file final-v4.csv (CSV, C-alpha atoms (C1' of nucleotides))
chain,number,residue,atom,x,y,z
A,1,MET,CA,8.4,49.4,-49.3
A,2,PRO,CA,9.6,49.9,-51.8
A,3,GLU,CA,12.1,47.1,-52.3
A,4,LEU,CA,15.0,47.3,-54.7
A,5,PRO,CA,13.0,47.4,-57.9
A,6,GLU,CA,10.7,50.2,-56.6
A,7,VAL,CA,13.7,52.3,-55.5
A,8,GLU,CA,15.4,51.7,-58.9
A,9,THR,CA,12.3,52.7,-60.7
A,10,THR,CA,12.0,55.8,-58.5
A,11,VAL,CA,15.6,56.8,-59.1
A,12,ARG,CA,15.1,56.4,-62.9
A,13,GLY,CA,11.9,58.6,-62.7
A,14,LEU,CA,13.6,61.2,-60.6
A,15,ARG,CA,16.6,61.3,-63.0
A,16,THR,CA,14.4,62.6,-65.8
A,17,VAL,CA,13.4,65.7,-63.8
A,18,LEU,CA,16.4,66.2,-61.6
A,19,GLU,CA,19.6,65.5,-63.5
A,20,GLY,CA,21.4,68.7,-64.5
A,21,GLN,CA,18.9,70.8,-62.6
A,22,GLU,CA,19.5,73.5,-60.0
A,23,LEU,CA,17.7,73.1,-56.7
A,24,THR,CA,16.1,76.5,-56.4
A,25,GLU,CA,14.1,75.8,-53.3
A,26,VAL,CA,14.6,73.1,-50.7
A,27,THR,CA,12.0,72.8,-48.0
A,28,PRO,CA,12.1,70.3,-45.2
A,29,ARG,CA,8.6,70.4,-43.6
A,30,ARG,CA,9.5,68.6,-40.4
A,31,PRO,CA,12.7,67.9,-38.4
A,32,ASP,CA,12.6,64.1,-38.6
A,33,LEU,CA,11.4,61.0,-40.3
A,34,ARG,CA,12.6,57.8,-38.6
A,35,ARG,CA,15.5,59.8,-37.3
A,36,ALA,CA,16.5,63.5,-37.5
A,37,ILE,CA,16.9,65.2,-40.9
A,38,PRO,CA,20.2,67.1,-41.1
A,39,PRO,CA,19.4,70.6,-39.8
A,40,ASP,CA,21.6,72.2,-42.5
A,41,LEU,CA,20.0,70.3,-45.4
A,42,ARG,CA,18.2,73.3,-46.8
A,43,GLN,CA,21.2,75.5,-46.6
A,44,ARG,CA,23.5,73.0,-48.2
A,45,LEU,CA,21.2,72.0,-51.0
A,46,THR,CA,19.7,75.3,-52.0
A,47,GLY,CA,21.3,76.5,-55.2
A,48,ALA,CA,23.2,73.3,-55.8
A,49,THR,CA,23.0,71.5,-59.1
A,50,VAL,CA,22.1,67.8,-59.3
A,51,ILE,CA,24.8,66.0,-61.3
A,52,GLY,CA,23.6,62.4,-61.0
A,53,LEU,CA,21.3,59.9,-59.3
A,54,ARG,CA,22.2,56.4,-58.1
A,55,ARG,CA,20.8,53.6,-56.1
A,56,ARG,CA,22.5,51.4,-53.5
A,57,ALA,CA,20.4,48.6,-52.0
A,58,LYS,CA,17.1,50.3,-51.1
A,59,TYR,CA,18.6,53.7,-50.9
A,60,GLY,CA,18.4,56.5,-53.5
A,61,LEU,CA,21.4,58.8,-53.9
A,62,ILE,CA,21.2,62.3,-55.3
A,63,ASP,CA,24.7,63.8,-56.1
A,64,THR,CA,25.2,67.5,-56.3
A,65,ASP,CA,28.0,69.7,-57.7
A,66,ARG,CA,28.9,70.8,-54.2
A,67,GLY,CA,30.2,67.4,-53.2
A,68,ASP,CA,27.1,66.6,-51.2
A,69,THR,CA,25.0,63.5,-51.7
A,70,LEU,CA,21.4,63.4,-50.5
A,71,ILE,CA,20.6,59.9,-49.5
A,72,PHE,CA,16.9,58.9,-49.1
A,73,HIS,CA,15.3,55.7,-47.9
A,74,LEU,CA,11.6,55.2,-48.5
A,75,GLY,CA,10.9,53.0,-45.5
A,76,MET,CA,7.5,51.2,-45.8
A,77,SER,CA,5.3,53.9,-47.3
A,78,GLY,CA,7.6,56.4,-48.9
A,79,ARG,CA,7.4,57.7,-52.5
A,80,TRP,CA,8.3,60.7,-54.5
A,81,ARG,CA,5.6,62.7,-56.1
A,82,ILE,CA,6.3,64.9,-59.1
A,83,ASP,CA,4.4,68.1,-59.4
A,84,PRO,CA,1.8,67.2,-56.9
A,85,GLY,CA,-1.3,69.4,-57.2
A,86,GLU,CA,-1.5,70.1,-53.5
A,87,ILE,CA,1.0,69.6,-50.7
A,88,GLY,CA,-0.3,67.3,-48.1
A,89,ARG,CA,0.6,66.7,-44.5
A,90,HIS,CA,2.8,63.7,-45.4
A,91,ASP,CA,4.9,65.6,-47.9
A,92,HIS,CA,8.0,66.0,-45.8
A,93,LEU,CA,10.6,67.4,-48.2
A,94,LEU,CA,10.0,69.6,-51.2
A,95,LEU,CA,12.5,70.3,-53.9
A,96,LYS,CA,11.9,72.9,-56.6
A,97,THR,CA,14.0,72.7,-59.8
A,98,GLY,CA,15.3,75.4,-62.1
A,99,ALA,CA,12.9,74.1,-64.7
A,100,GLY,CA,10.0,74.7,-62.3
A,101,HIS,CA,9.2,71.1,-61.3
A,102,VAL,CA,8.3,70.4,-57.7
A,103,LEU,CA,9.3,67.1,-56.1
A,104,ALA,CA,7.7,66.0,-52.9
A,105,LEU,CA,9.0,63.2,-50.7
A,106,ASN,CA,5.8,61.7,-49.3
A,107,ASP,CA,5.9,59.2,-46.4
A,108,PRO,CA,2.9,58.7,-44.2
A,109,ARG,CA,4.5,56.2,-41.8
A,110,ARG,CA,7.8,58.1,-41.7
A,111,PHE,CA,9.9,54.9,-41.5
A,112,GLY,CA,12.1,56.4,-44.2
A,113,SER,CA,15.2,58.6,-43.8
A,114,LEU,CA,17.1,61.5,-45.2
A,115,ASP,CA,20.8,62.0,-44.9
A,116,LEU,CA,23.3,64.3,-46.4
A,117,VAL,CA,26.8,63.0,-46.7
A,118,ASP,CA,30.1,64.0,-48.4
A,119,SER,CA,30.1,62.4,-51.8
A,120,ASP,CA,33.6,61.2,-51.4
A,121,GLU,CA,32.7,59.3,-48.2
A,122,ILE,CA,29.7,57.4,-49.2
A,123,ALA,CA,31.4,54.1,-48.3
A,124,ALA,CA,31.7,55.3,-44.7
A,125,PHE,CA,28.1,56.2,-44.4
A,126,ALA,CA,26.9,54.2,-41.4
A,127,SER,CA,24.0,52.6,-43.1
A,128,PHE,CA,26.2,51.4,-46.0
A,129,MET,CA,29.1,50.0,-44.0
A,130,ALA,CA,27.7,46.5,-43.5
A,131,LEU,CA,25.7,46.1,-46.7
A,132,GLY,CA,26.2,43.0,-48.7
A,133,PRO,CA,26.6,42.9,-52.5
A,134,GLU,CA,24.0,44.2,-55.0
A,135,PRO,CA,21.9,41.2,-56.1
A,136,LEU,CA,22.1,42.4,-59.7
A,137,GLY,CA,25.8,43.0,-59.6
A,138,PRO,CA,28.7,40.7,-60.7
A,139,GLU,CA,29.8,39.9,-57.1
A,140,PHE,CA,26.5,38.1,-56.4
A,141,LYS,CA,26.9,34.6,-57.6
A,142,ALA,CA,26.7,31.0,-56.3
A,143,SER,CA,30.2,31.0,-54.9
A,144,TYR,CA,29.6,34.2,-52.9
A,145,LEU,CA,26.4,32.8,-51.5
A,146,ALA,CA,28.0,29.5,-50.6
A,147,ASP,CA,30.6,31.4,-48.6
A,148,ALA,CA,28.0,33.7,-47.0
A,149,LEU,CA,25.7,30.9,-46.0
A,150,ASN,CA,28.3,28.4,-45.0
A,151,GLY,CA,27.4,26.9,-41.6
A,152,ARG,CA,24.4,29.1,-41.2
A,153,LEU,CA,21.4,27.3,-39.6
A,154,ALA,CA,19.0,30.2,-39.9
A,155,PRO,CA,16.2,29.8,-42.4
A,156,ILE,CA,17.1,31.0,-45.9
A,157,LYS,CA,14.2,33.4,-45.9
A,158,ALA,CA,15.7,35.3,-42.9
A,159,LEU,CA,19.1,35.2,-44.4
A,160,LEU,CA,18.0,36.7,-47.7
A,161,LEU,CA,16.2,39.5,-45.8
A,162,ASP,CA,19.5,40.3,-44.0
A,163,GLN,CA,20.9,43.2,-45.9
A,164,ARG,CA,24.4,42.1,-44.9
A,165,VAL,CA,24.1,38.9,-46.9
A,166,VAL,CA,22.6,40.6,-50.0
A,167,ALA,CA,21.4,44.2,-50.2
A,168,GLY,CA,18.0,45.2,-51.5
A,169,LEU,CA,15.7,42.2,-51.1
A,170,GLY,CA,12.5,42.6,-49.0
A,171,ASN,CA,9.6,40.4,-48.0
A,172,ILE,CA,7.9,40.3,-51.4
A,173,TYR,CA,10.8,39.4,-53.6
A,174,VAL,CA,12.3,37.0,-51.2
A,175,CYS,CA,9.0,35.0,-51.2
A,176,GLU,CA,8.9,35.2,-55.0
A,177,ALA,CA,12.5,34.2,-55.5
A,178,LEU,CA,12.3,31.2,-53.2
A,179,ASN,CA,9.2,30.0,-55.0
A,180,LEU,CA,10.8,30.4,-58.4
A,181,ALA,CA,13.9,28.5,-57.2
A,182,LYS,CA,11.7,25.9,-55.5
A,183,ILE,CA,13.3,26.3,-52.1
A,184,HIS,CA,11.3,26.0,-48.9
A,185,PRO,CA,11.6,29.3,-46.9
A,186,GLY,CA,12.5,27.4,-43.7
A,187,THR,CA,15.5,25.6,-45.2
A,188,ALA,CA,18.7,26.2,-43.2
A,189,GLY,CA,20.8,28.5,-45.4
A,190,GLY,CA,24.0,26.4,-45.0
A,191,LYS,CA,22.3,23.2,-46.0
A,192,ILE,CA,21.3,24.3,-49.5
A,193,ALA,CA,23.3,22.4,-52.2
A,194,ARG,CA,25.7,24.5,-54.4
A,195,THR,CA,23.8,23.8,-57.6
A,196,LYS,CA,20.6,25.0,-55.8
A,197,LEU,CA,22.4,28.2,-54.8
A,198,GLY,CA,23.1,28.8,-58.5
A,199,THR,CA,19.4,28.4,-59.2
A,200,LEU,CA,18.6,30.8,-56.4
A,201,VAL,CA,20.9,33.5,-57.7
A,202,LYS,CA,19.3,33.2,-61.1
A,203,ALA,CA,15.8,33.3,-59.5
A,204,ILE,CA,16.6,36.4,-57.5
A,205,ARG,CA,18.0,38.1,-60.6
A,206,ALA,CA,15.0,37.1,-62.7
A,207,VAL,CA,12.5,38.3,-60.2
A,208,LEU,CA,14.1,41.7,-59.6
A,209,GLY,CA,14.8,42.2,-63.3
A,210,ALA,CA,11.2,41.5,-64.2
A,211,ALA,CA,10.0,43.8,-61.5
A,212,ILE,CA,12.2,46.7,-62.7
A,213,GLU,CA,11.1,46.1,-66.2
A,214,ALA,CA,7.5,46.2,-65.1
A,215,GLY,CA,8.2,49.6,-63.6
A,216,GLY,CA,8.1,48.5,-60.0
A,217,SER,CA,5.3,46.7,-58.2
A,218,THR,CA,2.6,48.2,-56.3
A,219,LEU,CA,1.0,47.3,-53.0
A,220,ARG,CA,-1.0,50.0,-51.3
A,221,ASP,CA,0.6,53.3,-51.7
A,222,TYR,CA,3.5,52.8,-54.0
A,223,ALA,CA,3.5,54.9,-57.1
A,224,ARG,CA,6.1,55.8,-59.7
A,225,PRO,CA,7.3,59.4,-59.4
A,226,ASP,CA,5.2,60.4,-62.4
A,227,GLY,CA,2.2,59.1,-60.6
A,228,GLU,CA,1.6,56.0,-62.6
A,229,LEU,CA,1.3,52.8,-60.7
A,230,GLY,CA,3.6,49.9,-61.3
A,231,TYR,CA,2.0,46.7,-62.2
A,232,PHE,CA,4.3,43.9,-61.3
A,233,SER,CA,2.0,42.8,-58.5
A,234,LYS,CA,-0.1,41.2,-61.2
A,235,GLN,CA,2.8,38.8,-61.8
A,236,TRP,CA,3.3,37.8,-58.2
A,237,ARG,CA,3.4,34.0,-58.0
A,238,VAL,CA,2.8,33.6,-54.3
A,239,TYR,CA,3.0,36.9,-52.4
A,240,GLY,CA,-0.4,37.9,-51.2
A,241,ARG,CA,-2.0,34.8,-52.8
A,242,GLU,CA,-2.8,32.6,-49.8
A,243,GLY,CA,-5.2,29.8,-50.9
A,244,GLU,CA,-4.6,30.4,-54.6
A,245,HIS,CA,-2.8,28.2,-57.0
A,246,CYS,CA,1.0,28.2,-57.3
A,247,PRO,CA,2.1,27.9,-61.0
A,248,CYS,CA,3.0,24.2,-60.2
A,249,GLY,CA,-0.6,23.5,-59.3
A,250,GLY,CA,-0.1,23.4,-55.5
A,251,THR,CA,-1.8,25.7,-53.1
A,252,VAL,CA,-0.1,28.8,-51.7
A,253,ASN,CA,0.3,28.6,-47.9
A,254,ARG,CA,1.0,31.5,-45.6
A,255,ARG,CA,2.8,31.4,-42.3
A,256,ALA,CA,4.5,33.9,-40.0
A,257,ASP,CA,8.2,34.1,-39.6
A,258,GLY,CA,9.5,36.6,-37.1
A,259,GLY,CA,6.3,38.5,-37.3
A,260,ARG,CA,6.2,38.7,-41.1
A,261,SER,CA,4.1,36.8,-43.5
A,262,THR,CA,5.8,34.2,-45.7
A,263,PHE,CA,4.0,32.9,-48.7
A,264,PHE,CA,5.1,29.7,-50.2
A,265,CYS,CA,4.0,26.5,-52.0
A,266,PRO,CA,4.6,23.3,-49.9
A,267,LYS,CA,4.2,21.2,-53.0
A,268,CYS,CA,7.1,22.5,-55.1
A,269,GLN,CA,9.2,24.3,-52.4
A,270,ARG,CA,11.2,22.0,-50.1
B,1,DC,C1',25.2,33.4,-33.7
B,2,DC,C1',20.2,32.7,-33.4
B,3,DG,C1',15.1,33.6,-33.1
B,4,DA,C1',11.4,36.1,-31.3
B,5,DC,C1',9.7,40.3,-30.4
B,6,DA,C1',8.9,45.3,-29.9
B,7,DA,C1',9.3,49.9,-31.4
B,8,DC,C1',8.9,53.5,-34.8
B,9,DC,C1',3.8,55.7,-37.4
B,10,DT,C1',-0.3,56.1,-40.3
B,11,DG,C1',-3.8,54.3,-43.1
B,12,DA,C1',-6.7,50.7,-45.2
B,13,DC,C1',-9.6,47.0,-44.5
B,14,DG,C1',-12.8,43.5,-42.5
B,15,DG,C1',-16.0,42.3,-39.0
B,16,DC,C1',-19.7,43.5,-36.2
C,1,DT,C1',-22.2,54.7,-40.3
C,2,DG,C1',-18.8,53.9,-36.8
C,3,DC,C1',-15.7,51.6,-33.8
C,4,DC,C1',-12.1,48.2,-33.1
C,5,DG,C1',-8.7,44.9,-34.2
C,6,DT,C1',-5.4,43.5,-37.6
C,7,DC,C1',-2.2,44.1,-41.1
C,8,DA,C1',1.3,46.4,-44.2
C,9,DG,C1',7.0,46.8,-48.6
C,10,DG,C1',11.9,48.2,-43.4
C,11,DT,C1',15.3,48.9,-39.9
C,12,DT,C1',17.2,48.7,-35.4
C,13,DG,C1',17.6,47.2,-31.0
C,14,DT,C1',16.8,44.1,-26.9
C,15,DC,C1',16.3,39.8,-24.6
C,16,DG,C1',16.9,35.0,-23.6

call {"tool": "encode", "arguments": {"input": "final-v4.csv", "output": "C-alpha coordinates"}}
result
Amino acid sequence: MPELPEVETTVRGLRTVLEGQELTEVTPRRPDLRRAIPPDLRQRLTGATVIGLRRRAKYGLIDTDRGDTLIFHLGMSGRWRIDPGEIGRHDHLLLKTGAGHVLALNDPRRFGSLDLVDSDEIAAFASFMALGPEPLGPEFKASYLADALNGRLAPIKALLLDQRVVAGLGNIYVCEALNLAKIHPGTAGGKIARTKLGTLVKAIRAVLGAAIEAGGSTLRDYARPDGELGYFSKQWRVYGREGEHCPCGGTVNRRADGGRSTFFCPKCQR
DNA sequence: CCGACAACCTGACGGC
DNA sequence: TGCCGTCAGGTTGTCG
(Lines of atoms letter the chains of each structure in order from A and count residues from 1; the text may use other names and numbers.)
(Lines give C-alpha, C1' and ligand atoms only; values in the text may rest on other atoms or scores of the structure.)
Protein backbone atom coordinates (compact mmCIF):
# COMPACT_ATOMS: atom_id res chain seq x y z
CA MET A 1 0.00 0.00 0.00
CA PRO A 2 0.37 2.83 -0.25
CA GLU A 3 1.54 3.96 3.14
CA LEU A 4 1.33 7.55 4.33
CA PRO A 5 3.80 9.05 1.81
CA GLU A 6 2.10 7.39 -1.14
CA VAL A 7 -1.32 8.57 0.00
CA GLU A 8 0.05 12.08 0.55
CA THR A 9 1.55 12.05 -2.94
CA THR A 10 -1.73 10.77 -4.35
CA VAL A 11 -3.72 13.51 -2.64
CA ARG A 12 -1.36 16.16 -3.96
CA GLY A 13 -1.64 14.74 -7.45
CA LEU A 14 -5.43 14.57 -7.31
CA ARG A 15 -5.58 18.10 -5.99
CA THR A 16 -4.18 19.48 -9.23
CA VAL A 17 -7.02 18.04 -11.30
CA LEU A 18 -9.90 17.94 -8.81
CA GLU A 19 -9.79 21.07 -6.70
CA GLY A 20 -12.47 23.54 -7.75
CA GLN A 21 -13.87 21.12 -10.29
CA GLU A 22 -17.44 19.97 -10.69
CA LEU A 23 -17.94 16.21 -10.76
CA THR A 24 -19.97 15.88 -13.93
CA GLU A 25 -20.07 12.09 -13.96
CA VAL A 26 -19.64 9.67 -11.07
CA THR A 27 -19.61 5.99 -11.93
CA PRO A 28 -19.17 3.22 -9.38
CA ARG A 29 -18.47 0.07 -11.36
CA ARG A 30 -19.12 -2.48 -8.64
CA PRO A 31 -21.05 -2.41 -5.36
CA ASP A 32 -18.14 -3.13 -3.04
CA LEU A 33 -14.43 -3.11 -2.43
CA ARG A 34 -13.39 -4.51 0.90
CA ARG A 35 -16.85 -3.55 2.10
CA ALA A 36 -19.90 -2.06 0.43
CA ILE A 37 -19.63 1.24 -1.41
CA PRO A 38 -22.41 3.66 -0.36
CA PRO A 39 -25.31 2.94 -2.73
CA ASP A 40 -26.16 6.63 -3.00
CA LEU A 41 -22.60 7.66 -3.85
CA ARG A 42 -23.34 8.51 -7.48
CA GLN A 43 -26.44 10.49 -6.64
CA ARG A 44 -24.77 12.47 -3.85
CA LEU A 45 -21.59 13.30 -5.74
CA THR A 46 -22.82 14.00 -9.25
CA GLY A 47 -22.92 17.73 -9.84
CA ALA A 48 -21.04 18.55 -6.65
CA THR A 49 -17.92 20.69 -6.71
CA VAL A 50 -14.70 19.59 -5.05
CA ILE A 51 -13.60 22.26 -2.61
CA GLY A 52 -10.56 20.55 -1.12
CA LEU A 53 -8.50 17.42 -0.64
CA ARG A 54 -6.87 16.20 2.55
CA ARG A 55 -5.15 13.18 4.02
CA ARG A 56 -5.65 11.54 7.41
CA ALA A 57 -3.39 8.57 8.17
CA LYS A 58 -3.58 6.42 5.02
CA TYR A 59 -6.95 7.80 3.98
CA GLY A 60 -7.57 10.39 1.30
CA LEU A 61 -10.46 12.84 1.79
CA ILE A 62 -12.26 14.68 -0.99
CA ASP A 63 -14.50 17.47 0.29
CA THR A 64 -17.43 18.77 -1.75
CA ASP A 65 -19.53 21.91 -1.61
CA ARG A 66 -22.52 19.82 -0.58
CA GLY A 67 -21.08 19.01 2.79
CA ASP A 68 -20.12 15.47 1.83
CA THR A 69 -16.62 14.04 2.07
CA LEU A 70 -15.57 11.08 -0.04
CA ILE A 71 -13.05 9.04 1.93
CA PHE A 72 -10.87 6.54 0.08
CA HIS A 73 -8.38 3.97 1.30
CA LEU A 74 -6.04 2.35 -1.21
CA GLY A 75 -5.58 -0.93 0.63
CA MET A 76 -2.62 -2.90 -0.70
CA SER A 77 -2.94 -2.33 -4.41
CA GLY A 78 -5.02 0.79 -4.91
CA ARG A 79 -4.09 3.82 -6.97
CA TRP A 80 -5.76 6.61 -8.85
CA ARG A 81 -5.19 6.86 -12.57
CA ILE A 82 -5.62 10.16 -14.31
CA ASP A 83 -7.04 10.07 -17.82
CA PRO A 84 -6.47 6.37 -18.33
CA GLY A 85 -6.57 5.44 -21.98
CA GLU A 86 -8.83 2.48 -21.43
CA ILE A 87 -11.00 1.50 -18.51
CA GLY A 88 -9.97 -1.86 -17.13
CA ARG A 89 -11.74 -4.39 -14.97
CA HIS A 90 -10.00 -3.10 -11.85
CA ASP A 91 -11.10 0.50 -12.31
CA HIS A 92 -13.84 0.52 -9.69
CA LEU A 93 -14.85 4.18 -9.55
CA LEU A 94 -14.74 6.75 -12.32
CA LEU A 95 -14.97 10.51 -11.80
CA LYS A 96 -15.29 12.95 -14.66
CA THR A 97 -14.57 16.62 -14.05
CA GLY A 98 -15.92 19.78 -15.59
CA ALA A 99 -12.57 20.29 -17.29
CA GLY A 100 -12.96 16.90 -18.92
CA HIS A 101 -10.48 14.85 -16.93
CA VAL A 102 -11.29 11.28 -15.98
CA LEU A 103 -10.07 9.81 -12.71
CA ALA A 104 -10.15 6.08 -12.14
CA LEU A 105 -9.73 4.40 -8.77
CA ASN A 106 -7.92 1.18 -9.67
CA ASP A 107 -7.56 -1.57 -7.06
CA PRO A 108 -6.95 -5.16 -8.25
CA ARG A 109 -7.03 -6.76 -4.81
CA ARG A 110 -9.93 -4.64 -3.60
CA PHE A 111 -8.60 -4.27 -0.07
CA GLY A 112 -9.36 -0.58 -0.31
CA SER A 113 -12.55 1.22 0.67
CA LEU A 114 -14.83 4.08 -0.30
CA ASP A 115 -17.04 5.93 2.16
CA LEU A 116 -19.12 9.06 1.97
CA VAL A 117 -19.58 10.95 5.20
CA ASP A 118 -20.91 14.26 6.44
CA SER A 119 -17.98 16.68 6.34
CA ASP A 120 -18.87 17.99 9.77
CA GLU A 121 -18.71 14.54 11.29
CA ILE A 122 -15.39 13.30 10.02
CA ALA A 123 -14.17 12.77 13.57
CA ALA A 124 -17.04 10.36 14.18
CA PHE A 125 -16.21 8.27 11.12
CA ALA A 126 -15.70 4.77 12.54
CA SER A 127 -12.31 4.21 10.93
CA PHE A 128 -11.01 7.49 12.36
CA MET A 129 -12.22 7.12 15.92
CA ALA A 130 -9.26 5.22 17.30
CA LEU A 131 -6.49 6.64 15.12
CA GLY A 132 -3.39 7.91 16.86
CA PRO A 133 -1.65 11.17 15.98
CA GLU A 134 -0.18 12.00 12.61
CA PRO A 135 3.51 11.11 12.63
CA LEU A 136 4.37 14.39 10.91
CA GLY A 137 2.20 16.47 13.21
CA PRO A 138 3.12 18.42 16.36
CA GLU A 139 1.53 15.91 18.76
CA PHE A 140 3.91 13.15 17.77
CA LYS A 141 6.95 13.61 19.95
CA ALA A 142 9.07 11.66 22.43
CA SER A 143 6.82 12.50 25.38
CA TYR A 144 3.74 11.23 23.54
CA LEU A 145 5.49 8.05 22.52
CA ALA A 146 6.78 7.47 26.04
CA ASP A 147 3.21 7.61 27.34
CA ALA A 148 1.80 5.49 24.53
CA LEU A 149 4.44 2.78 24.96
CA ASN A 150 4.65 2.85 28.73
CA GLY A 151 4.49 -0.67 30.11
CA ARG A 152 3.97 -2.24 26.69
CA LEU A 153 5.84 -5.49 26.19
CA ALA A 154 4.90 -5.95 22.54
CA PRO A 155 7.70 -5.55 19.99
CA ILE A 156 8.19 -1.96 18.87
CA LYS A 157 7.62 -3.03 15.28
CA ALA A 158 4.11 -4.26 16.06
CA LEU A 159 3.36 -1.15 18.08
CA LEU A 160 4.40 1.21 15.29
CA LEU A 161 2.20 -0.71 12.86
CA ASP A 162 -0.72 -0.22 15.24
CA GLN A 163 -2.63 2.75 13.83
CA ARG A 164 -3.89 3.59 17.33
CA VAL A 165 -0.33 4.35 18.44
CA VAL A 166 0.61 6.41 15.42
CA ALA A 167 -1.43 6.70 12.23
CA GLY A 168 0.01 6.12 8.79
CA LEU A 169 3.01 3.86 9.11
CA GLY A 170 3.12 0.54 7.27
CA ASN A 171 5.54 -2.32 6.94
CA ILE A 172 8.09 -0.58 4.75
CA TYR A 173 8.51 2.65 6.66
CA VAL A 174 8.49 0.97 10.05
CA CYS A 175 11.41 -1.20 8.93
CA GLU A 176 13.18 1.84 7.54
CA ALA A 177 12.62 4.03 10.59
CA LEU A 178 13.78 1.36 13.04
CA ASN A 179 16.94 0.86 11.03
CA LEU A 180 17.63 4.59 10.92
CA ALA A 181 17.05 4.84 14.67
CA LYS A 182 19.16 1.71 15.28
CA ILE A 183 16.45 -0.06 17.23
CA HIS A 184 15.91 -3.81 16.98
CA PRO A 185 12.35 -4.51 15.74
CA GLY A 186 11.81 -7.05 18.51
CA THR A 187 12.55 -4.64 21.36
CA ALA A 188 9.70 -4.33 23.83
CA GLY A 189 8.15 -0.90 23.22
CA GLY A 190 8.04 0.02 26.90
CA LYS A 191 11.71 -0.73 27.39
CA ILE A 192 13.09 1.80 24.97
CA ALA A 193 14.92 4.66 26.69
CA ARG A 194 13.43 8.12 26.45
CA THR A 195 16.35 9.53 24.50
CA LYS A 196 16.03 6.65 22.08
CA LEU A 197 12.36 7.50 21.59
CA GLY A 198 13.43 10.98 20.59
CA THR A 199 15.72 9.45 18.02
CA LEU A 200 12.88 7.24 16.80
CA VAL A 201 10.51 10.16 16.36
CA LYS A 202 13.10 11.98 14.31
CA ALA A 203 13.82 8.86 12.25
CA ILE A 204 10.13 8.35 11.47
CA ARG A 205 9.78 11.97 10.42
CA ALA A 206 12.92 11.80 8.30
CA VAL A 207 11.93 8.61 6.52
CA LEU A 208 8.40 9.81 5.76
CA GLY A 209 9.59 13.26 4.76
CA ALA A 210 12.15 11.87 2.36
CA ALA A 211 9.59 9.53 0.81
CA ILE A 212 7.08 12.30 0.25
CA GLU A 213 9.79 14.45 -1.23
CA ALA A 214 10.74 11.64 -3.56
CA GLY A 215 7.15 11.49 -4.73
CA GLY A 216 6.22 8.30 -3.00
CA SER A 217 7.90 4.97 -3.26
CA THR A 218 6.98 2.21 -5.58
CA LEU A 219 6.70 -1.48 -5.09
CA ARG A 220 4.82 -3.44 -7.70
CA ASP A 221 1.82 -1.50 -8.73
CA TYR A 222 1.99 1.88 -7.10
CA ALA A 223 2.03 4.85 -9.42
CA ARG A 224 1.49 8.52 -8.98
CA PRO A 225 -1.84 9.74 -10.24
CA ASP A 226 -0.15 11.23 -13.26
CA GLY A 227 1.25 7.82 -14.08
CA GLU A 228 4.85 8.48 -13.16
CA LEU A 229 6.42 6.05 -10.77
CA GLY A 230 7.83 7.20 -7.46
CA TYR A 231 11.42 6.35 -6.86
CA PHE A 232 11.97 6.31 -3.13
CA SER A 233 12.38 2.53 -3.27
CA LYS A 234 15.88 3.15 -4.54
CA GLN A 235 16.63 4.74 -1.20
CA TRP A 236 15.42 1.89 0.97
CA ARG A 237 18.07 1.02 3.51
CA VAL A 238 16.80 -2.42 4.51
CA TYR A 239 13.33 -3.15 3.12
CA GLY A 240 13.50 -5.83 0.43
CA ARG A 241 17.27 -6.01 0.79
CA GLU A 242 17.82 -9.32 2.54
CA GLY A 243 21.47 -10.34 2.27
CA GLU A 244 22.61 -6.92 1.11
CA HIS A 245 24.66 -4.46 3.11
CA CYS A 246 23.16 -2.14 5.67
CA PRO A 247 24.66 1.35 5.53
CA CYS A 248 26.57 0.39 8.71
CA GLY A 249 28.32 -2.43 6.90
CA GLY A 250 26.30 -5.23 8.47
CA THR A 251 24.11 -7.64 6.54
CA VAL A 252 20.37 -7.15 6.26
CA ASN A 253 18.38 -9.99 7.82
CA ARG A 254 14.78 -10.94 7.19
CA ARG A 255 12.38 -12.58 9.55
CA ALA A 256 8.65 -13.06 9.87
CA ASP A 257 6.64 -11.27 12.55
CA GLY A 258 2.99 -12.05 12.64
CA GLY A 259 3.08 -13.24 9.07
CA ARG A 260 4.82 -10.16 7.75
CA SER A 261 8.41 -9.74 6.68
CA THR A 262 10.69 -7.67 8.84
CA PHE A 263 13.97 -6.45 7.41
CA PHE A 264 16.64 -5.29 9.83
CA CYS A 265 20.36 -5.22 10.50
CA PRO A 266 21.41 -7.23 13.58
CA LYS A 267 24.72 -5.38 13.70
CA CYS A 268 23.47 -1.84 14.28
CA GLN A 269 19.90 -2.48 15.50
CA ARG A 270 19.61 -3.74 19.06
C1' DC B 1 -3.35 -6.96 26.81
C1' DC B 2 -0.75 -10.03 23.77
C1' DG B 3 0.78 -12.86 19.72
C1' DA B 4 -0.41 -15.79 16.14
C1' DC B 5 -3.22 -16.57 12.50
C1' DA B 6 -6.85 -16.31 8.98
C1' DA B 7 -9.62 -13.86 5.83
C1' DC B 8 -10.51 -10.56 2.20
C1' DC B 9 -8.51 -10.74 -3.55
C1' DT B 10 -5.57 -10.59 -7.61
C1' DG B 11 -1.22 -10.59 -9.88
C1' DA B 12 3.74 -11.29 -10.24
C1' DC B 13 7.43 -14.20 -9.83
C1' DG B 14 10.48 -18.30 -9.22
C1' DG B 15 11.05 -23.19 -9.62
C1' DC B 16 10.41 -27.23 -12.12
C1' DT C 1 5.24 -22.84 -22.31
C1' DG C 2 2.61 -23.97 -18.31
C1' DC C 3 1.42 -25.26 -13.72
C1' DC C 4 1.98 -24.51 -8.80
C1' DG C 5 3.45 -22.56 -4.64
C1' DT C 6 4.74 -18.28 -2.45
C1' DC C 7 4.61 -13.61 -1.62
C1' DA C 8 2.92 -8.63 -1.61
C1' DG C 9 2.25 -1.88 0.81
C1' DG C 10 -3.60 -3.13 5.02
C1' DT C 11 -7.34 -3.93 8.08
C1' DT C 12 -10.27 -6.57 10.93
C1' DG C 13 -11.55 -10.26 13.59
C1' DT C 14 -10.96 -14.64 16.23
C1' DC C 15 -8.70 -17.68 19.30
C1' DG C 16 -5.89 -19.21 23.04

call {"tool": "atom_distance", "arguments": {"input": "final-v4.csv", "atom1": "CA of Arg15 in chain A", "atom2": "C1' of DA8 in chain C"}}
result
28.5 Å

call {"tool": "interface_residues", "arguments": {"input": "final-v4.csv", "of": "chain C", "to": "chain A", "cutoff": "10 Å", "atoms": "all atoms listed in the file", "output": "MDAnalysis selection string"}}
result
chainID C and resid 7:11

call {"tool": "interface_residues", "arguments": {"input": "final-v4.csv", "of": "chain A", "to": "chain B", "cutoff": "8 Å", "atoms": "all atoms listed in the file", "output": "count of residues only"}}
result
8

call {"tool": "atom_distance", "arguments": {"input": "final-v4.csv", "atom1": "CA of Val238 in chain A", "atom2": "CA of Gly60 in chain A"}}
result
27.7 Å

call {"tool": "residues_around", "arguments": {"input": "final-v4.csv", "residues": "Gly67 in chain A", "least_positions_apart": "5", "cutoff": "9 Å", "atoms": "only C-alpha atoms (C1' of nucleotides)", "output": "PDB file with C-alpha atoms, keeping the file's coordinate frame"}}
result
ATOM      1  CA  VAL A 117      26.800  63.000 -46.700  1.00  0.00           C
ATOM      2  CA  ASP A 118      30.100  64.000 -48.400  1.00  0.00           C
ATOM      3  CA  SER A 119      30.100  62.400 -51.800  1.00  0.00           C
ATOM      4  CA  ASP A 120      33.600  61.200 -51.400  1.00  0.00           C
TER       5      ASP A 120
END

call {"tool": "atom_distance", "arguments": {"input": "final-v4.csv", "atom1": "CA of Arg81 in chain A", "atom2": "CA of Asp40 in chain A"}}
result
23.0 Å
